[in-house]
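Accompanying notes for the structure given below.
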Amino acid sequence: MFYDIIVMGSGPSACAAALRCRRIGLSVLIVTERSQKDSEEFYEGLCFRPKESICLDAGGVIAGLEVGPAFEAARSGSYLGVISAGGACVPGFGPKGPQKGFNIDRSLFDCLLLEMCMGKGVDVLFEEKIDAFVEQGRRITGVRTSSGKKIAGRYVIDGTGVGQMGGRRLGLKKLLLSPPFKVWTGIGAMKGNFESGWAYFIPRKTGWTWLAPEADGRCSWTRLSHFSLNSYDPPAQISVHSITHRSVFNRRWRIYRPVCKAGVILCGDAAGVLDPAAGQGVLNALETGHVAGDLAHRIFCKPEREAAYLEEYDKWFFNRYMQKAILLDQLYGINLKQYYE
Ligand SMILES: Cc1cc2nc3c(=O)[nH]c(=O)nc-3n(C[C@H](O)[C@H](O)[C@H](O)COP(=O)(O)OP(=O)(O)OC[C@H]3O[C@@H](n4cnc5c(N)ncnc54)[C@H](O)[C@@H]3O)c2cc1C
C-alpha cells in the first residue's frame, strides 16, 4: 500500500488534515483504532454523552474548513455567555475571550467528519492501531500497524490526540509545562437554580468546575483538579443518581519539541496538550490539522524548501500554544517562565 499522506487517528485534527489533503488532490489513508460499527452507536444515546463547548467565533473557521454540516448536525444547544463565579477570567471563554458558544456531541461530530472524509475519497483502515514508524535514514517513510501491516507514504500526519503516539515513538523531547492535572467529565440532571442558555465556570481551591446546562434539564459538566485525587466526584450542582457517563483524562500541559521532522507532522493534541480551560481544543485541532495538510502539500511542491517549511510550522504551532499557556497561567499562577525560559 502506498499513499501520498497517511493520517494517524480520526479525531478533528486527523479529519481536517485528511480533508485538506484530498481537496488538494493527494491520495490519503486514515488509519484509526475506531471500528466502522461505532458509527451506528454514535447516533444512539446522544443525550447521555457529555458535550464539549465551541465558542461562537469558531463559526467562521468551521465554515472555512468546510466542516459546517458536521458541526450543525452535532450541536445540541447554545449558550449566550459564561457566568464566572467571583469574576474569574476563563482564558478561552471568559471576559477577555469570546463568550457565546455551542455545545456539541463530540462522538457524533467525529463520526460525521470521518464520513465526510470518506465521501471525499479518503480511504480508511478501521480497527488498526499504528504502533511504529518506518524509517529510512533520518526520514519517516511509512507506518506499521498493530496487526503487522506496513504502509508506505510520502508524509505521515499524526492526529492521535492526547495519547501522543507519534511524539512518543519518535522519541521527541517533551516539555512538561504544568503539574499533573486531572480532568473528569460527565452528564447528569441539574439541581439548583442554574439557567440553561448560560455556561458556568466555578473556580475551586483545587481547580475548577464547568457546567453547561441544557434546556431539557440535563447538564454536561467538566472538572479539573491540580492535585492527585482518589475520587472523581460530580459537582454538587448535579444530582448524583442521574449520572449517566463519566470519564477521566490526564491533561498535564505538554508539547513536543519540535512538532515535526522529515516525513512526519504532529497536529492537534498529538503535538501539544492544554487543559479544557484553554478553550477551543476542537477548533485548534481542526486548524492545526488543516495547516499540517497544507504544509505537506507545500513540501511536495518545493522539496528543496522542506527544512524551512517544517521550521516555520514548528514555530507557528509553538507560539500559539505558548500564548494560550501564558493566558492559562494567569488562572493557576503556575509561573510558566520557570519551564520555558
Ligand atoms: C474532559 C474534557 C473536556 C473537554 N472539553 C472541551 C470543550 O468543551 N471544548 C473544546 O474545544 N475542547 C475540549 N476538550 C479538548 C478537546 O477534546 C481536544 O482538544 C480535541 O479532542 C483534540 O482533538 P484531536 O483531533 O487532536 O485528538 P482526539 O480528538 O483525541 O482524536 C485522536 C484520535 O486518534 C485515535 N488514535 C489514538 N491513537 C491511535 C493510534 N495509535 N493509531 C490509530 N488511531 C489512534 C483515537 O482513537 C482518536 O480517534 C476537552 C477535553 C477533555 C479531556
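The way I read the labels, and the way they are meant: chains A, B, ... in the order of the C-alpha cells, residue 1 as the first residue of every chain, and ligand 1 as the first ligand shown, with later ones counted on from there.
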Could you list, as a PDB file with C-alpha atoms, in the first residue's frame, every residue within 12 Å of Lys149 (chain A), counting only C-alpha atoms and ignoring same-chain residues fewer than 4 positions away?
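In the end it all went to around.pdb:
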ATOM      1  CA  MET A   1       0.000   0.000   0.000  1.00  0.00           C
ATOM      2  CA  PHE A   2       1.316   3.467  -0.873  1.00  0.00           C
ATOM      3  CA  VAL A  31      -5.677   4.656   9.985  1.00  0.00           C
ATOM      4  CA  LEU A 125      -8.416   1.482   7.642  1.00  0.00           C
ATOM      5  CA  GLU A 128      -5.959  -0.666  13.267  1.00  0.00           C
ATOM      6  CA  LYS A 129      -3.663   0.970  15.756  1.00  0.00           C
ATOM      7  CA  ILE A 130      -0.438   2.455  14.437  1.00  0.00           C
ATOM      8  CA  ASP A 131       2.319   1.419  16.761  1.00  0.00           C
ATOM      9  CA  ALA A 132       5.534   2.155  14.867  1.00  0.00           C
ATOM     10  CA  PHE A 133       7.047   4.311  12.141  1.00  0.00           C
ATOM     11  CA  VAL A 134       9.053   3.008   9.202  1.00  0.00           C
ATOM     12  CA  GLY A 142       5.589   4.977   6.497  1.00  0.00           C
ATOM     13  CA  VAL A 143       3.908   3.285   9.435  1.00  0.00           C
ATOM     14  CA  ARG A 144       3.377  -0.169  10.848  1.00  0.00           C
ATOM     15  CA  THR A 145       0.088  -1.208  12.423  1.00  0.00           C
TER      16      THR A 145
END
May I have the residues within 9 Å of region 104-110 of chain A as a VMD selection string, using only C-alpha atoms and disregarding those fewer than 2 positions away in the same chain?
chain A and resid 10 to 12 15 39 42 to 43 46 to 47 49 to 54 70 to 78 102 112 to 115
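Nearest to ligand 1 of all the residues A:Val273, A:Leu327, A:Val122, A:Ile187 is A:Val273, based on only C-alpha atoms and all ligand atoms.
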Would you tabulate, counting only C-alpha atoms and all ligand atoms, all residues of chain A that have an atom at most 6 Å from an atom of ligand 1, showing the closest pair of atoms and their distance in Å to one decimal, sorted by chain then ascending number, as CSV?
residue,atom,partner,partner_atom_place_in_ligand_line,distance
A:Met8,CA,ligand 1,43 (C),5.2
A:Gly9,CA,ligand 1,34 (O),3.3
A:Ser10,CA,ligand 1,49 (O),4.1
A:Gly11,CA,ligand 1,31 (O),3.6
A:Pro12,CA,ligand 1,25 (O),4.0
A:Ser13,CA,ligand 1,25 (O),3.7
A:Ala14,CA,ligand 1,25 (O),5.6
A:Val31,CA,ligand 1,43 (C),5.5
A:Thr32,CA,ligand 1,44 (N),3.9
A:Glu33,CA,ligand 1,44 (N),4.5
A:Arg34,CA,ligand 1,47 (O),5.7
A:Glu52,CA,ligand 1,8 (O),3.5
A:Ser53,CA,ligand 1,8 (O),3.7
A:Ile54,CA,ligand 1,11 (O),5.3
A:Lys129,CA,ligand 1,42 (N),3.6
A:Ile130,CA,ligand 1,42 (N),4.0
A:Asp131,CA,ligand 1,41 (N),5.5
A:Gly159,CA,ligand 1,25 (O),5.4
A:Thr160,CA,ligand 1,34 (O),3.5
A:Gly161,CA,ligand 1,27 (O),3.3
A:Val162,CA,ligand 1,30 (O),5.4
A:Gly163,CA,ligand 1,38 (N),5.9
A:Met165,CA,ligand 1,41 (N),5.5
A:Val183,CA,ligand 1,1 (C),5.4
A:Trp184,CA,ligand 1,1 (C),5.2
A:Thr185,CA,ligand 1,1 (C),4.9
A:Thr222,CA,ligand 1,1 (C),5.7
A:Phe249,CA,ligand 1,53 (C),5.3
A:Gly268,CA,ligand 1,26 (O),3.5
A:Asp269,CA,ligand 1,26 (O),3.9
A:Ala270,CA,ligand 1,26 (O),5.7
A:Pro276,CA,ligand 1,50 (C),4.8
A:Gly279,CA,ligand 1,11 (O),5.4
A:Gln280,CA,ligand 1,11 (O),3.5
A:Gly281,CA,ligand 1,19 (O),3.4
A:Val282,CA,ligand 1,11 (O),3.9
A:Leu283,CA,ligand 1,11 (O),5.9
A:Ala285,CA,ligand 1,26 (O),4.8
Written file, previous selection with C-alpha atoms, as a short mmCIF file (atom, residue, chain, number, x, y, z; two decimals), in the first residue's frame:
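Output below, filename again_7.cif:
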data_model
loop_
_atom_site.label_atom_id
_atom_site.label_comp_id
_atom_site.auth_asym_id
_atom_site.auth_seq_id
_atom_site.Cartn_x
_atom_site.Cartn_y
_atom_site.Cartn_z
CA MET A 8 -2.99 8.63 12.10
CA GLY A 9 -6.28 8.81 14.05
CA SER A 10 -9.76 10.03 13.14
CA GLY A 11 -10.46 12.93 15.53
CA PRO A 12 -10.92 16.55 14.35
CA SER A 13 -7.21 17.19 13.70
CA ALA A 14 -6.84 14.00 11.66
CA VAL A 31 -5.68 4.66 9.98
CA THR A 32 -7.91 4.59 13.04
CA GLU A 33 -8.40 2.32 16.00
CA ARG A 34 -12.13 3.02 15.76
CA GLU A 52 -17.99 19.89 24.57
CA SER A 53 -18.20 23.64 24.00
CA ILE A 54 -17.18 25.61 20.96
CA LYS A 129 -3.66 0.97 15.76
CA ILE A 130 -0.44 2.46 14.44
CA ASP A 131 2.32 1.42 16.76
CA GLY A 159 -3.58 13.21 14.83
CA THR A 160 -3.56 10.61 17.62
CA GLY A 161 -4.63 13.14 20.25
CA VAL A 162 -3.76 13.08 23.91
CA GLY A 163 -2.13 9.62 23.66
CA MET A 165 1.66 8.19 19.83
CA VAL A 183 -9.91 16.34 34.21
CA TRP A 184 -13.13 14.41 34.52
CA THR A 185 -16.41 14.90 32.80
CA THR A 222 -16.24 19.04 33.45
CA PHE A 249 -8.28 12.24 31.44
CA GLY A 268 -3.85 18.88 17.48
CA ASP A 269 -3.37 17.30 20.90
CA ALA A 270 -0.80 14.90 19.41
CA PRO A 276 -10.02 22.47 28.58
CA GLY A 279 -10.84 26.75 25.33
CA GLN A 280 -11.22 25.81 21.69
CA GLY A 281 -9.36 22.47 21.82
CA VAL A 282 -11.54 21.20 18.99
CA LEU A 283 -11.04 24.32 16.94
CA ALA A 285 -7.31 20.54 16.34
#
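Close contacts of Gly289 (chain A), defined as residues with an atom at most 6 Å away when counting only C-alpha atoms, with chain neighbours fewer than 3 positions off set aside, comprise Ser13, Ala16, Ala17, Cys267, Ala285, Leu286 and Ala292 of chain A.
In this structure, CA of Gly148 (chain A) sits 24.7 Å away from CA of Gly121 (chain A).
In the backbone-derived DSSP annotation, alpha helix (DSSP H) within region 96-198 of chain A comprises Arg106, Ser107, Leu108, Phe109, Asp110, Cys111, Leu112, Leu113, Leu114, Glu115, Met116, Cys117, Met118, Gly119, Met165, Gly166, Gly167, Arg168, Arg169 and Leu170 of chain A.
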As a PyMOL selection string, which residues of region 21-198 of chain A does DSSP assign to strand (DSSP E)?
chain A and resi 28-31+52-55+75-79+82-84+101-104+123-125+130-136+139-145+150-158+173-176+182-190
Go ahead and save the picked residues with C-alpha atoms, as a PDB file, in the first residue's frame.
ATOM      1  CA  VAL A  28      -4.963   9.893   1.621  1.00  0.00           C
ATOM      2  CA  LEU A  29      -5.334   6.978   4.022  1.00  0.00           C
ATOM      3  CA  ILE A  30      -6.702   7.382   7.556  1.00  0.00           C
ATOM      4  CA  VAL A  31      -5.677   4.656   9.985  1.00  0.00           C
ATOM      5  CA  GLU A  52     -17.988  19.886  24.567  1.00  0.00           C
ATOM      6  CA  SER A  53     -18.202  23.642  24.004  1.00  0.00           C
ATOM      7  CA  ILE A  54     -17.182  25.615  20.955  1.00  0.00           C
ATOM      8  CA  CYS A  55     -17.229  29.416  21.005  1.00  0.00           C
ATOM      9  CA  ARG A  75     -24.583  20.742  18.054  1.00  0.00           C
ATOM     10  CA  SER A  76     -27.161  20.219  20.726  1.00  0.00           C
ATOM     11  CA  GLY A  77     -27.540  23.586  22.375  1.00  0.00           C
ATOM     12  CA  SER A  78     -26.034  27.002  22.714  1.00  0.00           C
ATOM     13  CA  TYR A  79     -25.123  29.406  25.493  1.00  0.00           C
ATOM     14  CA  VAL A  82     -20.221  32.326  30.569  1.00  0.00           C
ATOM     15  CA  ILE A  83     -21.106  33.229  34.146  1.00  0.00           C
ATOM     16  CA  SER A  84     -17.926  33.021  36.140  1.00  0.00           C
ATOM     17  CA  GLY A 101     -20.975  29.279  22.078  1.00  0.00           C
ATOM     18  CA  PHE A 102     -22.435  25.886  21.298  1.00  0.00           C
ATOM     19  CA  ASN A 103     -22.442  22.515  22.971  1.00  0.00           C
ATOM     20  CA  ILE A 104     -21.576  19.718  20.587  1.00  0.00           C
ATOM     21  CA  ASP A 123      -9.505   5.583   2.301  1.00  0.00           C
ATOM     22  CA  VAL A 124      -9.982   4.445   5.896  1.00  0.00           C
ATOM     23  CA  LEU A 125      -8.416   1.482   7.642  1.00  0.00           C
ATOM     24  CA  ILE A 130      -0.438   2.455  14.437  1.00  0.00           C
ATOM     25  CA  ASP A 131       2.319   1.419  16.761  1.00  0.00           C
ATOM     26  CA  ALA A 132       5.534   2.155  14.867  1.00  0.00           C
ATOM     27  CA  PHE A 133       7.047   4.311  12.141  1.00  0.00           C
ATOM     28  CA  VAL A 134       9.053   3.008   9.202  1.00  0.00           C
ATOM     29  CA  GLU A 135      12.257   4.985   8.909  1.00  0.00           C
ATOM     30  CA  GLN A 136      14.805   5.242   6.103  1.00  0.00           C
ATOM     31  CA  ARG A 139      13.286  10.178   7.261  1.00  0.00           C
ATOM     32  CA  ILE A 140       9.893   8.680   8.152  1.00  0.00           C
ATOM     33  CA  THR A 141       8.597   6.809   5.112  1.00  0.00           C
ATOM     34  CA  GLY A 142       5.589   4.977   6.497  1.00  0.00           C
ATOM     35  CA  VAL A 143       3.908   3.285   9.435  1.00  0.00           C
ATOM     36  CA  ARG A 144       3.377  -0.169  10.848  1.00  0.00           C
ATOM     37  CA  THR A 145       0.088  -1.208  12.423  1.00  0.00           C
ATOM     38  CA  LYS A 150       3.321  -1.954   6.686  1.00  0.00           C
ATOM     39  CA  ILE A 151       2.062   1.111   4.812  1.00  0.00           C
ATOM     40  CA  ALA A 152       4.327   3.448   2.863  1.00  0.00           C
ATOM     41  CA  GLY A 153       3.605   7.148   2.407  1.00  0.00           C
ATOM     42  CA  ARG A 154       5.286  10.354   1.271  1.00  0.00           C
ATOM     43  CA  TYR A 155       4.237  12.060   4.506  1.00  0.00           C
ATOM     44  CA  VAL A 156       2.613  10.950   7.772  1.00  0.00           C
ATOM     45  CA  ILE A 157       0.325  13.291   9.755  1.00  0.00           C
ATOM     46  CA  ASP A 158      -0.122  12.407  13.424  1.00  0.00           C
ATOM     47  CA  LYS A 173      11.674  15.941  23.529  1.00  0.00           C
ATOM     48  CA  LYS A 174       8.545  16.550  25.613  1.00  0.00           C
ATOM     49  CA  LEU A 175       8.204  19.834  27.512  1.00  0.00           C
ATOM     50  CA  LEU A 176       6.022  19.455  30.597  1.00  0.00           C
ATOM     51  CA  LYS A 182      -6.782  15.531  36.152  1.00  0.00           C
ATOM     52  CA  VAL A 183      -9.913  16.337  34.212  1.00  0.00           C
ATOM     53  CA  TRP A 184     -13.132  14.409  34.520  1.00  0.00           C
ATOM     54  CA  THR A 185     -16.413  14.903  32.797  1.00  0.00           C
ATOM     55  CA  GLY A 186     -19.983  13.622  32.813  1.00  0.00           C
ATOM     56  CA  ILE A 187     -23.607  14.444  32.237  1.00  0.00           C
ATOM     57  CA  GLY A 188     -26.448  14.469  34.753  1.00  0.00           C
ATOM     58  CA  ALA A 189     -29.528  16.335  35.899  1.00  0.00           C
ATOM     59  CA  MET A 190     -29.179  19.836  37.320  1.00  0.00           C
TER      60      MET A 190
END
